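Visitor: Contents of entry-v7.pdb (PDB, C-alpha atoms and all ligand atoms):
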```pdb
ATOM      1  CA  MET A 161      22.512 -29.987 -20.803
ATOM      2  CA  LEU A 162      24.156 -27.853 -18.068
ATOM      3  CA  SER A 163      26.876 -29.401 -16.005
ATOM      4  CA  LEU A 164      28.805 -27.636 -13.247
ATOM      5  CA  VAL A 165      31.869 -29.417 -11.925
ATOM      6  CA  GLY A 166      33.555 -28.309  -8.688
ATOM      7  CA  ILE A 167      32.997 -24.585  -9.146
ATOM      8  CA  LYS A 168      34.920 -22.390  -6.709
ATOM      9  CA  LYS A 169      34.868 -18.623  -6.322
ATOM     10  CA  THR A 170      36.365 -16.395  -3.643
ATOM     11  CA  PHE A 171      36.073 -12.616  -3.865
ATOM     12  CA  ASN A 172      39.010 -10.402  -2.859
ATOM     13  CA  PRO A 173      41.292 -13.302  -1.918
ATOM     14  CA  GLY A 174      44.043 -12.530   0.552
ATOM     15  CA  SER A 175      42.461  -9.249   1.683
ATOM     16  CA  VAL A 176      40.401  -8.350   4.749
ATOM     17  CA  ASN A 177      37.383  -8.367   2.432
ATOM     18  CA  GLU A 178      37.926 -11.983   1.366
ATOM     19  CA  ARG A 179      34.556 -13.715   0.831
ATOM     20  CA  LEU A 180      34.153 -17.344  -0.055
ATOM     21  CA  ALA A 181      31.127 -17.367  -2.370
ATOM     22  CA  LEU A 182      31.236 -20.836  -3.989
ATOM     23  CA  SER A 183      33.175 -23.653  -2.393
ATOM     24  CA  GLY A 184      32.958 -26.470  -4.930
ATOM     25  CA  VAL A 185      29.507 -26.566  -6.513
ATOM     26  CA  SER A 186      28.669 -29.503  -8.767
ATOM     27  CA  LEU A 187      25.293 -29.785 -10.445
ATOM     28  CA  LYS A 188      23.857 -31.501 -13.517
ATOM     29  CA  LEU A 189      20.676 -30.311 -15.200
ATOM     30  CA  LYS A 190      18.804 -32.415 -17.732
ATOM     31  CA  PRO A 191      17.282 -30.724 -20.802
ATOM     32  CA  GLY A 192      14.068 -28.964 -19.852
ATOM     33  CA  GLU A 193      14.689 -29.291 -16.130
ATOM     34  CA  VAL A 194      13.452 -26.316 -14.097
ATOM     35  CA  VAL A 195      15.359 -25.938 -10.844
ATOM     36  CA  THR A 196      14.486 -23.471  -8.102
ATOM     37  CA  VAL A 197      17.355 -22.256  -5.912
ATOM     38  CA  ILE A 198      16.903 -21.136  -2.321
ATOM     39  CA  GLY A 199      19.222 -20.273   0.552
ATOM     40  CA  GLY A 200      20.040 -17.671   3.165
ATOM     41  CA  ASN A 201      21.750 -14.299   2.740
ATOM     42  CA  GLY A 202      25.142 -14.608   1.130
ATOM     43  CA  ALA A 203      24.711 -18.338   0.394
ATOM     44  CA  GLY A 204      26.165 -17.891  -3.102
ATOM     45  CA  LYS A 205      22.991 -18.055  -5.218
ATOM     46  CA  SER A 206      23.591 -14.912  -7.290
ATOM     47  CA  THR A 207      27.292 -15.711  -7.611
ATOM     48  CA  LEU A 208      26.384 -19.128  -9.016
ATOM     49  CA  LEU A 209      24.222 -17.532 -11.722
ATOM     50  CA  ASN A 210      26.839 -14.840 -12.375
ATOM     51  CA  CYS A 211      29.561 -17.458 -12.805
ATOM     52  CA  ILE A 212      27.422 -19.418 -15.291
ATOM     53  CA  ALA A 213      26.720 -16.205 -17.236
ATOM     54  CA  GLY A 214      30.406 -15.292 -17.244
ATOM     55  CA  VAL A 215      30.176 -12.142 -15.117
ATOM     56  CA  TYR A 216      32.936 -13.516 -12.867
ATOM     57  CA  PRO A 217      35.753 -15.866 -13.839
ATOM     58  CA  LEU A 218      35.978 -19.090 -11.824
ATOM     59  CA  ASP A 219      38.865 -19.830  -9.482
ATOM     60  CA  GLU A 220      38.408 -23.533 -10.187
ATOM     61  CA  GLY A 221      35.977 -25.884 -11.883
ATOM     62  CA  GLN A 222      34.240 -26.370 -15.182
ATOM     63  CA  ILE A 223      30.969 -25.324 -16.785
ATOM     64  CA  TRP A 224      29.598 -27.425 -19.633
ATOM     65  CA  ILE A 225      26.614 -26.577 -21.813
ATOM     66  CA  GLU A 226      25.516 -29.233 -24.299
ATOM     67  CA  GLY A 227      28.918 -30.858 -24.270
ATOM     68  CA  GLN A 228      30.827 -27.598 -24.758
ATOM     69  CA  GLN A 229      33.110 -26.348 -22.025
ATOM     70  CA  ILE A 230      32.375 -22.634 -21.575
ATOM     71  CA  GLN A 231      34.111 -21.420 -18.407
ATOM     72  CA  GLN A 232      36.907 -19.865 -20.437
ATOM     73  CA  LEU A 233      34.513 -17.841 -22.638
ATOM     74  CA  PRO A 234      33.891 -14.149 -21.883
ATOM     75  CA  GLU A 235      30.372 -13.065 -20.975
ATOM     76  CA  TYR A 236      29.508 -11.790 -24.477
ATOM     77  CA  ASP A 237      30.438 -15.126 -26.049
ATOM     78  CA  ARG A 238      28.047 -16.933 -23.683
ATOM     79  CA  ALA A 239      25.179 -14.533 -24.435
ATOM     80  CA  PRO A 240      23.999 -16.488 -27.523
ATOM     81  CA  PHE A 241      22.950 -19.412 -25.357
ATOM     82  CA  ILE A 242      22.155 -17.846 -21.987
ATOM     83  CA  GLY A 243      19.028 -15.816 -21.188
ATOM     84  CA  ARG A 244      18.965 -13.788 -17.972
ATOM     85  CA  VAL A 245      16.431 -11.860 -15.940
ATOM     86  CA  PHE A 246      17.550  -9.942 -12.854
ATOM     87  CA  GLN A 247      15.691  -8.708  -9.805
ATOM     88  CA  ASP A 248      15.887  -5.084 -10.923
ATOM     89  CA  PRO A 249      13.371  -4.371 -13.726
ATOM     90  CA  LEU A 250      15.648  -1.544 -14.925
ATOM     91  CA  LEU A 251      18.499  -3.892 -15.821
ATOM     92  CA  GLY A 252      17.077  -6.075 -18.578
ATOM     93  CA  THR A 253      15.845  -3.407 -20.980
ATOM     94  CA  ALA A 254      17.137  -0.137 -22.435
ATOM     95  CA  ALA A 255      14.941   2.679 -21.070
ATOM     96  CA  SER A 256      15.665   5.212 -23.799
ATOM     97  CA  MET A 257      14.828   2.780 -26.580
ATOM     98  CA  THR A 258      11.347   1.809 -27.759
ATOM     99  CA  ILE A 259       9.726  -1.560 -27.138
ATOM    100  CA  GLU A 260      10.346  -2.653 -30.731
ATOM    101  CA  GLU A 261      13.985  -1.516 -30.634
ATOM    102  CA  ASN A 262      14.540  -3.530 -27.468
ATOM    103  CA  LEU A 263      12.945  -6.590 -29.056
ATOM    104  CA  ALA A 264      15.017  -6.105 -32.220
ATOM    105  CA  LEU A 265      18.157  -6.184 -30.086
ATOM    106  CA  ALA A 266      16.939  -9.359 -28.379
ATOM    107  CA  LEU A 267      16.305 -10.937 -31.768
ATOM    108  CA  LYS A 268      19.946 -10.307 -32.688
ATOM    109  CA  ARG A 269      21.247 -11.809 -29.463
ATOM    110  CA  GLY A 270      24.545 -13.480 -30.070
ATOM    111  CA  GLN A 271      25.027 -12.062 -33.535
ATOM    112  CA  ARG A 272      27.854  -9.664 -34.215
ATOM    113  CA  ARG A 273      26.668  -6.036 -33.994
ATOM    114  CA  GLN A 274      26.104  -4.452 -37.356
ATOM    115  CA  LEU A 275      26.585  -0.739 -37.969
ATOM    116  CA  ARG A 276      23.146  -0.333 -39.487
ATOM    117  CA  TRP A 277      20.073  -2.223 -38.541
ATOM    118  CA  GLY A 278      16.460  -1.646 -39.225
ATOM    119  CA  ILE A 279      13.259  -3.329 -38.088
ATOM    120  CA  ARG A 280      11.646  -5.248 -40.881
ATOM    121  CA  ALA A 281       7.858  -5.480 -41.256
ATOM    122  CA  LYS A 282       8.175  -9.228 -40.722
ATOM    123  CA  ASP A 283       9.963  -8.674 -37.383
ATOM    124  CA  ARG A 284       7.382  -6.096 -36.316
ATOM    125  CA  ALA A 285       4.562  -8.563 -36.954
ATOM    126  CA  PHE A 286       6.445 -11.192 -34.943
ATOM    127  CA  PHE A 287       6.956  -8.737 -32.045
ATOM    128  CA  LYS A 288       3.258  -7.845 -32.037
ATOM    129  CA  GLU A 289       2.284 -11.485 -31.943
ATOM    130  CA  GLN A 290       4.676 -12.260 -29.090
ATOM    131  CA  LEU A 291       3.707  -9.157 -27.110
ATOM    132  CA  SER A 292       0.003  -9.933 -27.415
ATOM    133  CA  LYS A 293       0.661 -13.214 -25.589
ATOM    134  CA  LEU A 294       1.744 -11.216 -22.527
ATOM    135  CA  GLY A 295      -1.804  -9.888 -22.186
ATOM    136  CA  LEU A 296      -0.588  -6.405 -21.222
ATOM    137  CA  GLY A 297      -1.617  -4.481 -24.335
ATOM    138  CA  LEU A 298       2.013  -3.803 -25.216
ATOM    139  CA  GLU A 299       1.451  -4.989 -28.787
ATOM    140  CA  ASN A 300      -0.183  -1.619 -29.455
ATOM    141  CA  ARG A 301       2.719   0.343 -27.983
ATOM    142  CA  LEU A 302       5.647  -0.798 -30.121
ATOM    143  CA  THR A 303       7.074   2.717 -30.388
ATOM    144  CA  THR A 304       6.679   3.581 -26.689
ATOM    145  CA  ARG A 305       9.934   4.166 -24.847
ATOM    146  CA  VAL A 306      10.538   1.395 -22.343
ATOM    147  CA  GLY A 307      11.345   3.938 -19.619
ATOM    148  CA  LEU A 308       7.643   4.816 -19.559
ATOM    149  CA  LEU A 309       6.533   1.284 -18.639
ATOM    150  CA  SER A 310       5.778   0.040 -15.106
ATOM    151  CA  GLY A 311       8.206  -2.316 -13.329
ATOM    152  CA  GLY A 312       5.953  -5.303 -14.016
ATOM    153  CA  GLN A 313       5.576  -4.439 -17.693
ATOM    154  CA  ARG A 314       9.349  -4.048 -17.993
ATOM    155  CA  GLN A 315       9.981  -7.347 -16.283
ATOM    156  CA  ALA A 316       7.468  -9.093 -18.579
ATOM    157  CA  LEU A 317       9.228  -7.516 -21.566
ATOM    158  CA  THR A 318      12.629  -8.595 -20.225
ATOM    159  CA  LEU A 319      11.352 -12.165 -19.924
ATOM    160  CA  LEU A 320      10.080 -12.054 -23.475
ATOM    161  CA  MET A 321      13.434 -10.665 -24.648
ATOM    162  CA  ALA A 322      15.375 -13.336 -22.755
ATOM    163  CA  THR A 323      13.354 -16.078 -24.460
ATOM    164  CA  LEU A 324      12.598 -14.522 -27.878
ATOM    165  CA  VAL A 325      15.451 -16.567 -29.288
ATOM    166  CA  PRO A 326      15.100 -19.561 -26.940
ATOM    167  CA  PRO A 327      18.333 -19.831 -24.924
ATOM    168  CA  LYS A 328      19.921 -23.135 -23.933
ATOM    169  CA  ILE A 329      19.798 -21.979 -20.301
ATOM    170  CA  LEU A 330      17.507 -19.448 -18.648
ATOM    171  CA  LEU A 331      18.815 -17.812 -15.464
ATOM    172  CA  LEU A 332      16.275 -16.023 -13.269
ATOM    173  CA  ASP A 333      17.646 -14.182 -10.242
ATOM    174  CA  GLU A 334      14.767 -13.248  -7.916
ATOM    175  CA  HIS A 335      13.161 -11.688 -10.955
ATOM    176  CA  THR A 336       9.842 -10.978  -9.223
ATOM    177  CA  ALA A 337      11.224  -9.787  -5.859
ATOM    178  CA  ALA A 338      10.987  -6.071  -6.670
ATOM    179  CA  LEU A 339       7.375  -6.267  -7.878
ATOM    180  CA  ASP A 340       4.159  -5.914  -5.882
ATOM    181  CA  PRO A 341       2.620  -9.321  -4.999
ATOM    182  CA  ASN A 342      -0.093  -9.151  -7.644
ATOM    183  CA  THR A 343       2.297  -8.206 -10.445
ATOM    184  CA  ALA A 344       4.842 -10.745  -9.171
ATOM    185  CA  GLN A 345       2.259 -13.523  -9.590
ATOM    186  CA  LYS A 346       1.462 -12.369 -13.133
ATOM    187  CA  VAL A 347       5.151 -12.329 -14.093
ATOM    188  CA  LEU A 348       5.616 -15.759 -12.507
ATOM    189  CA  HIS A 349       2.667 -17.093 -14.463
ATOM    190  CA  LEU A 350       4.217 -15.696 -17.639
ATOM    191  CA  THR A 351       7.529 -17.303 -16.680
ATOM    192  CA  GLU A 352       5.851 -20.707 -16.394
ATOM    193  CA  LYS A 353       4.161 -20.192 -19.756
ATOM    194  CA  LEU A 354       7.364 -19.261 -21.610
ATOM    195  CA  VAL A 355       9.453 -21.941 -19.902
ATOM    196  CA  THR A 356       6.890 -24.615 -20.783
ATOM    197  CA  GLN A 357       6.378 -23.333 -24.332
ATOM    198  CA  HIS A 358      10.101 -23.469 -25.139
ATOM    199  CA  GLN A 359      10.917 -26.323 -22.723
ATOM    200  CA  LEU A 360      13.702 -24.208 -21.291
ATOM    201  CA  THR A 361      16.320 -25.572 -18.950
ATOM    202  CA  THR A 362      16.049 -23.071 -16.124
ATOM    203  CA  LEU A 363      17.715 -22.065 -12.857
ATOM    204  CA  MET A 364      15.484 -19.769 -10.810
ATOM    205  CA  VAL A 365      16.631 -18.148  -7.582
ATOM    206  CA  THR A 366      13.732 -17.235  -5.322
ATOM    207  CA  HIS A 367      13.246 -16.147  -1.719
ATOM    208  CA  ASN A 368       9.679 -17.395  -1.813
ATOM    209  CA  MET A 369       9.599 -20.912  -0.360
ATOM    210  CA  SER A 370       6.152 -21.686  -1.671
ATOM    211  CA  ASP A 371       7.140 -20.694  -5.237
ATOM    212  CA  ALA A 372      10.332 -22.734  -4.807
ATOM    213  CA  LEU A 373       8.331 -25.882  -4.119
ATOM    214  CA  ARG A 374       5.483 -25.181  -6.533
ATOM    215  CA  LEU A 375       7.401 -24.158  -9.646
ATOM    216  CA  GLY A 376       9.604 -26.421 -11.698
ATOM    217  CA  ASN A 377      10.576 -29.992 -10.911
ATOM    218  CA  ARG A 378      13.573 -29.720  -8.614
ATOM    219  CA  THR A 379      14.720 -27.518  -5.716
ATOM    220  CA  ILE A 380      18.266 -27.011  -4.520
ATOM    221  CA  MET A 381      19.229 -25.301  -1.303
ATOM    222  CA  MET A 382      22.516 -23.449  -0.881
ATOM    223  CA  HIS A 383      24.460 -22.586   2.241
ATOM    224  CA  GLU A 384      27.928 -21.077   2.545
ATOM    225  CA  GLY A 385      28.735 -21.626  -1.110
ATOM    226  CA  ARG A 386      27.620 -25.251  -1.263
ATOM    227  CA  ILE A 387      24.517 -27.165  -2.333
ATOM    228  CA  ILE A 388      23.294 -28.770   0.873
ATOM    229  CA  LEU A 389      20.007 -30.184  -0.362
ATOM    230  CA  ASP A 390      18.720 -31.399  -3.712
ATOM    231  CA  LEU A 391      15.025 -32.254  -3.771
ATOM    232  CA  GLN A 392      13.203 -33.828  -6.684
ATOM    233  CA  GLY A 393      10.501 -36.320  -7.595
ATOM    234  CA  GLU A 394       8.082 -37.690  -5.051
ATOM    235  CA  LYS A 395      10.130 -36.512  -2.112
ATOM    236  CA  ARG A 396       9.835 -32.912  -3.321
ATOM    237  CA  GLN A 397       6.136 -33.270  -4.015
ATOM    238  CA  ASN A 398       5.527 -34.301  -0.420
ATOM    239  CA  THR A 399       7.681 -31.541   1.076
ATOM    240  CA  THR A 400       6.025 -28.626   2.882
ATOM    241  CA  ILE A 401       7.632 -25.295   3.825
ATOM    242  CA  PRO A 402       8.113 -26.384   7.491
ATOM    243  CA  ASP A 403       9.731 -29.608   6.181
ATOM    244  CA  LEU A 404      12.050 -27.520   4.035
ATOM    245  CA  LEU A 405      13.054 -25.322   6.984
ATOM    246  CA  ALA A 406      13.692 -28.414   9.110
ATOM    247  CA  MET A 407      15.764 -30.000   6.311
ATOM    248  CA  PHE A 408      17.809 -26.821   6.044
ATOM    249  CA  LYS A 409      18.490 -26.775   9.777
ATOM    250  CA  LYS A 410      19.491 -30.441   9.759
ATOM    251  CA  ALA A 411      21.822 -30.060   6.777
ATOM    252  CA  SER A 412      23.435 -26.756   7.780
ATOM    253  CA  GLY A 413      23.176 -26.781  11.565
ATOM    254  CA  GLU A 414      21.613 -23.293  11.352
ATOM    255  CA  SER A 415      18.195 -21.730  10.876
ATOM    256  CA  LEU A 416      17.503 -20.341   7.439
ATOM    257  CA  VAL A 417      17.974 -16.567   7.477
ATOM    258  CA  ASN A 418      17.147 -14.431   4.490
ATOM    259  CA  ASP A 419      15.891 -10.854   4.887
ATOM    260  CA  ARG A 420      13.514 -11.109   1.979
ATOM    261  CA  MET A 421      12.219 -14.490   3.111
ATOM    262  CA  LEU A 422      11.175 -12.925   6.411
ATOM    263  CA  MET A 423       9.212 -10.375   4.418
ATOM    264  CA  VAL A 424       7.238 -13.186   2.808
ATOM    265  CA  ALA A 425       6.578 -14.779   6.184
ATOM    266  CA  GLY A 426       5.292 -11.363   7.289
ATOM    267  CA  GLY A 427       2.448 -11.611   4.806
ATOM    268  CA  ASN A 428       3.771  -9.880   1.676
TER     269      ASN A 428
HETATM  270  N1  LIG B   1      31.077  -8.645  -6.436
HETATM  271  C1  LIG B   1      31.367  -9.077  -5.214
HETATM  272  N2  LIG B   1      32.470  -8.642  -4.551
HETATM  273  C2  LIG B   1      32.770  -9.095  -3.323
HETATM  274  N3  LIG B   1      32.030  -9.998  -2.643
HETATM  275  C3  LIG B   1      30.914 -10.458  -3.229
HETATM  276  C4  LIG B   1      30.528 -10.023  -4.542
HETATM  277  N4  LIG B   1      29.366 -10.647  -4.873
HETATM  278  C5  LIG B   1      29.050 -11.442  -3.832
HETATM  279  N5  LIG B   1      29.974 -11.324  -2.843
HETATM  280  C6  LIG B   1      29.992 -12.074  -1.581
HETATM  281  O1  LIG B   1      29.897 -13.454  -1.899
HETATM  282  C7  LIG B   1      29.033 -14.126  -0.987
HETATM  283  C8  LIG B   1      27.874 -14.748  -1.761
HETATM  284  O2  LIG B   1      27.048 -13.678  -2.235
HETATM  285  P1  LIG B   1      25.785 -13.896  -3.178
HETATM  286  O3  LIG B   1      25.322 -12.544  -3.589
HETATM  287  O4  LIG B   1      26.116 -14.864  -4.229
HETATM  288  O5  LIG B   1      24.751 -14.559  -2.178
HETATM  289  P2  LIG B   1      23.176 -14.804  -2.329
HETATM  290  O6  LIG B   1      22.923 -16.205  -1.925
HETATM  291  O7  LIG B   1      22.713 -14.384  -3.674
HETATM  292  O8  LIG B   1      22.613 -13.829  -1.187
HETATM  293  P3  LIG B   1      21.300 -12.926  -1.058
HETATM  294  O9  LIG B   1      20.112 -13.840  -0.909
HETATM  295  O10 LIG B   1      21.573 -12.155   0.200
HETATM  296  O11 LIG B   1      21.236 -12.059  -2.281
HETATM  297  C9  LIG B   1      28.635 -13.085   0.045
HETATM  298  O12 LIG B   1      29.519 -13.163   1.138
HETATM  299  C10 LIG B   1      28.787 -11.772  -0.695
HETATM  300  O13 LIG B   1      29.062 -10.720   0.208
END
```
Would you encode the structure as structure tokens?

Guide:
Amino acid sequence: MLSLVGIKKTFNPGSVNERLALSGVSLKLKPGEVVTVIGGNGAGKSTLLNCIAGVYPLDEGQIWIEGQQIQQLPEYDRAPFIGRVFQDPLLGTAASMTIEENLALALKRGQRRQLRWGIRAKDRAFFKEQLSKLGLGLENRLTTRVGLLSGGQRQALTLLMATLVPPKILLLDEHTAALDPNTAQKVLHLTEKLVTQHQLTTLMVTHNMSDALRLGNRTIMMHEGRIILDLQGEKRQNTTIPDLLAMFKKASGESLVNDRMLMVAGGN
């Protein structure tokens, strides 16, 4: 399904701001595989997702999706088969547009923009049905501007938009990190529901170690632009958070440091 071969990325090469972000990442995901991604600050997690989505060109390596090599495609040409949800609830939706207008845009993902587009009654009925599954009452607010929604409601809507036309790959980049714990759990629950319903091949970056082990069927750990641990199957099932921290230390020679992870340890 998704295959990454020797991906390398350095920002600002040759300058004082040179940053090695990915130093040869290879990874193969089977169809429907849900992989959680953890690692310390600056490990390269977001860059990995950004490179798959086409935000940054690669220095070296290949990206394959369903047998098609895509690393040469610009971001907009990858959009038809990649769904994304970011940490910031403001990024995935257009605040000045209504809920139904946002969903109509999501429904046209990957199609060439037309000068005129309207929302058909059939589409509206489909949006209502999909929104009602979120359990947030948004199905009765189709003409509400998205800017009036809470962060959690916006993130739920973004998830729905990212999966409305099921993508070949779903990329989630700490998509619950900016939400309060209660709302974060609701959005995570919704994520599981949508991923299972559409059997989506998913890469999910999280700072929450317990979510990383609980969700999906595989966990990879990154450090200094490399994958240093790849846990799946029975071994993953028997792994606890202290085990994970010990594995990280053994593989990297360092303790795992991530600002947001410390927040979780502090009881948030
Ligand atoms: N657009 C950019 N320009 C320059 N350097 C960048 C850029 N994006 C990321 N970097 C650098 O690349 C490295 C990897 O960053 P990245 O954001 O991928 O890490 P991360 O694992 O997502 O970290 P965090 O958990 O702190 O968000 C870091 O050294 C970072 O400073």

Visitor: Looking at A:His349, A:His335, A:Arg280, A:Arg374, which one is nearest to ligand LIG 1 (chain B), with distances taken over all atoms listed in the file?

Guide: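 Distance minimum relative to ligand LIG 1 (chain B) lands on A:His335.
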
Visitor: Once the PyMOL selection byres (((chain A and resi 355) around 12) and not hetatm) has been applied to the shown file, what residues remain in the selection, as number ranges by chain?

Guide: A: 191-195, 243, 319-320, 322-324, 326-332, 348-354, 356-364, 375-376

Visitor: List, as a PyMOL selection string, every residue that the PyMOL selection byres (((chain A and resi 209-223) around 9) and not hetatm) selects in the file provided.

Guide: chain A and resi 162-170+184-186+204-208+224-225+228-239+242-244+331-333+363+365

Visitor: Leaving out segment 390-395 of chain A and any residue of its chain fewer than 2 positions from it, which residues lie within 6 Å of it when counting all atoms listed in the file, given as a list in words?

Guide: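 Selected residues are Arg378, Thr379, Ile380, Gln397 and Asn398 of chain A.
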
Visitor: Using all atoms listed in the file, determine which residues fall within 7 Å of ligand LIG 1 (chain B), then list them as a VMD selection string.

Guide: chain A and resid 171 to 172 179 to 181 199 to 208 385 418

Visitor: Between atom CA of Glu334 of chain A and atom CA of Val417 of chain A, what is the distance, to one decimal in Å?

Guide: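 These two atoms are separated by 16.1 Å.
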
Visitor: For the provided coordinates, the residues matched by the PyMOL selection byres (((chain A and resi 293-295) around 12) and not hetatm) should be stated as a ChimeraX atom specification.

Guide: /A:286-292,296-300,312-321,346-351,353-354,357

Visitor: Could you write those residues out with C-alpha atoms, as an mmCIF file, in the coordinates of the input?

Guide:
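And here is the file that came out, result03.cif:
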```
data_model
loop_
_atom_site.group_PDB
_atom_site.id
_atom_site.type_symbol
_atom_site.label_atom_id
_atom_site.label_comp_id
_atom_site.auth_asym_id
_atom_site.auth_seq_id
_atom_site.Cartn_x
_atom_site.Cartn_y
_atom_site.Cartn_z
ATOM 1 C CA PHE A 286 6.445 -11.192 -34.943
ATOM 2 C CA PHE A 287 6.956 -8.737 -32.045
ATOM 3 C CA LYS A 288 3.258 -7.845 -32.037
ATOM 4 C CA GLU A 289 2.284 -11.485 -31.943
ATOM 5 C CA GLN A 290 4.676 -12.260 -29.090
ATOM 6 C CA LEU A 291 3.707 -9.157 -27.110
ATOM 7 C CA SER A 292 0.003 -9.933 -27.415
ATOM 8 C CA LEU A 296 -0.588 -6.405 -21.222
ATOM 9 C CA GLY A 297 -1.617 -4.481 -24.335
ATOM 10 C CA LEU A 298 2.013 -3.803 -25.216
ATOM 11 C CA GLU A 299 1.451 -4.989 -28.787
ATOM 12 C CA ASN A 300 -0.183 -1.619 -29.455
ATOM 13 C CA GLY A 312 5.953 -5.303 -14.016
ATOM 14 C CA GLN A 313 5.576 -4.439 -17.693
ATOM 15 C CA ARG A 314 9.349 -4.048 -17.993
ATOM 16 C CA GLN A 315 9.981 -7.347 -16.283
ATOM 17 C CA ALA A 316 7.468 -9.093 -18.579
ATOM 18 C CA LEU A 317 9.228 -7.516 -21.566
ATOM 19 C CA THR A 318 12.629 -8.595 -20.225
ATOM 20 C CA LEU A 319 11.352 -12.165 -19.924
ATOM 21 C CA LEU A 320 10.080 -12.054 -23.475
ATOM 22 C CA MET A 321 13.434 -10.665 -24.648
ATOM 23 C CA LYS A 346 1.462 -12.369 -13.133
ATOM 24 C CA VAL A 347 5.151 -12.329 -14.093
ATOM 25 C CA LEU A 348 5.616 -15.759 -12.507
ATOM 26 C CA HIS A 349 2.667 -17.093 -14.463
ATOM 27 C CA LEU A 350 4.217 -15.696 -17.639
ATOM 28 C CA THR A 351 7.529 -17.303 -16.680
ATOM 29 C CA LYS A 353 4.161 -20.192 -19.756
ATOM 30 C CA LEU A 354 7.364 -19.261 -21.610
ATOM 31 C CA GLN A 357 6.378 -23.333 -24.332
#
```

Visitor: Take atom CA of Thr336 of chain A and atom CA of Lys188 of chain A and report the distance between them in Å, one decimal.

Guide: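 Atom CA of Lys188 of chain A lies 25.2 Å from atom CA of Thr336 of chain A.
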
Visitor: Just checking: using all atoms listed in the file, which residue out of A:Arg284, A:Leu416, A:Ser175, A:Met161 ends up closest to His367 of chain A?

Guide: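 Of all the options, A:Leu416 lies closest to His367 of chain A.
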
Visitor: Please determine, counting only C-alpha atoms, which residue among A:Leu189, A:Met382, A:Val197, A:Met369 has the shortest atom-to-atom distance to Pro402 of chain A.

Guide: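 So, comparing all the options, the nearest one is A:Met369.
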
Visitor: For segment 233-243 of chain A, take all atoms listed in the file, fit an axis-aligned box around them, add 4 Å to each of the six sides, then output centre and edge lengths in Å rounded to one decimal, as JSON.

Guide:
```
{"center_x": 26.8, "center_y": -15.6, "center_z": -24.2, "size_x": 23.5, "size_y": 15.6, "size_z": 14.5}
```

Visitor: Pick out the closest residue to Leu302 of chain A from this set: A:Ala266, A:Ile388, A:Thr258, A:Lys282. Count all atoms listed in the file.

Guide: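 For Leu302 of chain A, the nearest of the given residues is A:Thr258.
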
Visitor: Could you please determine the separation between atom CA of Leu187 of chain A and atom CA of Val245 of chain A in Å, to one decimal place?

Guide: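 Between atom CA of Leu187 of chain A and atom CA of Val245 of chain A the gap works out to 20.7 Å.
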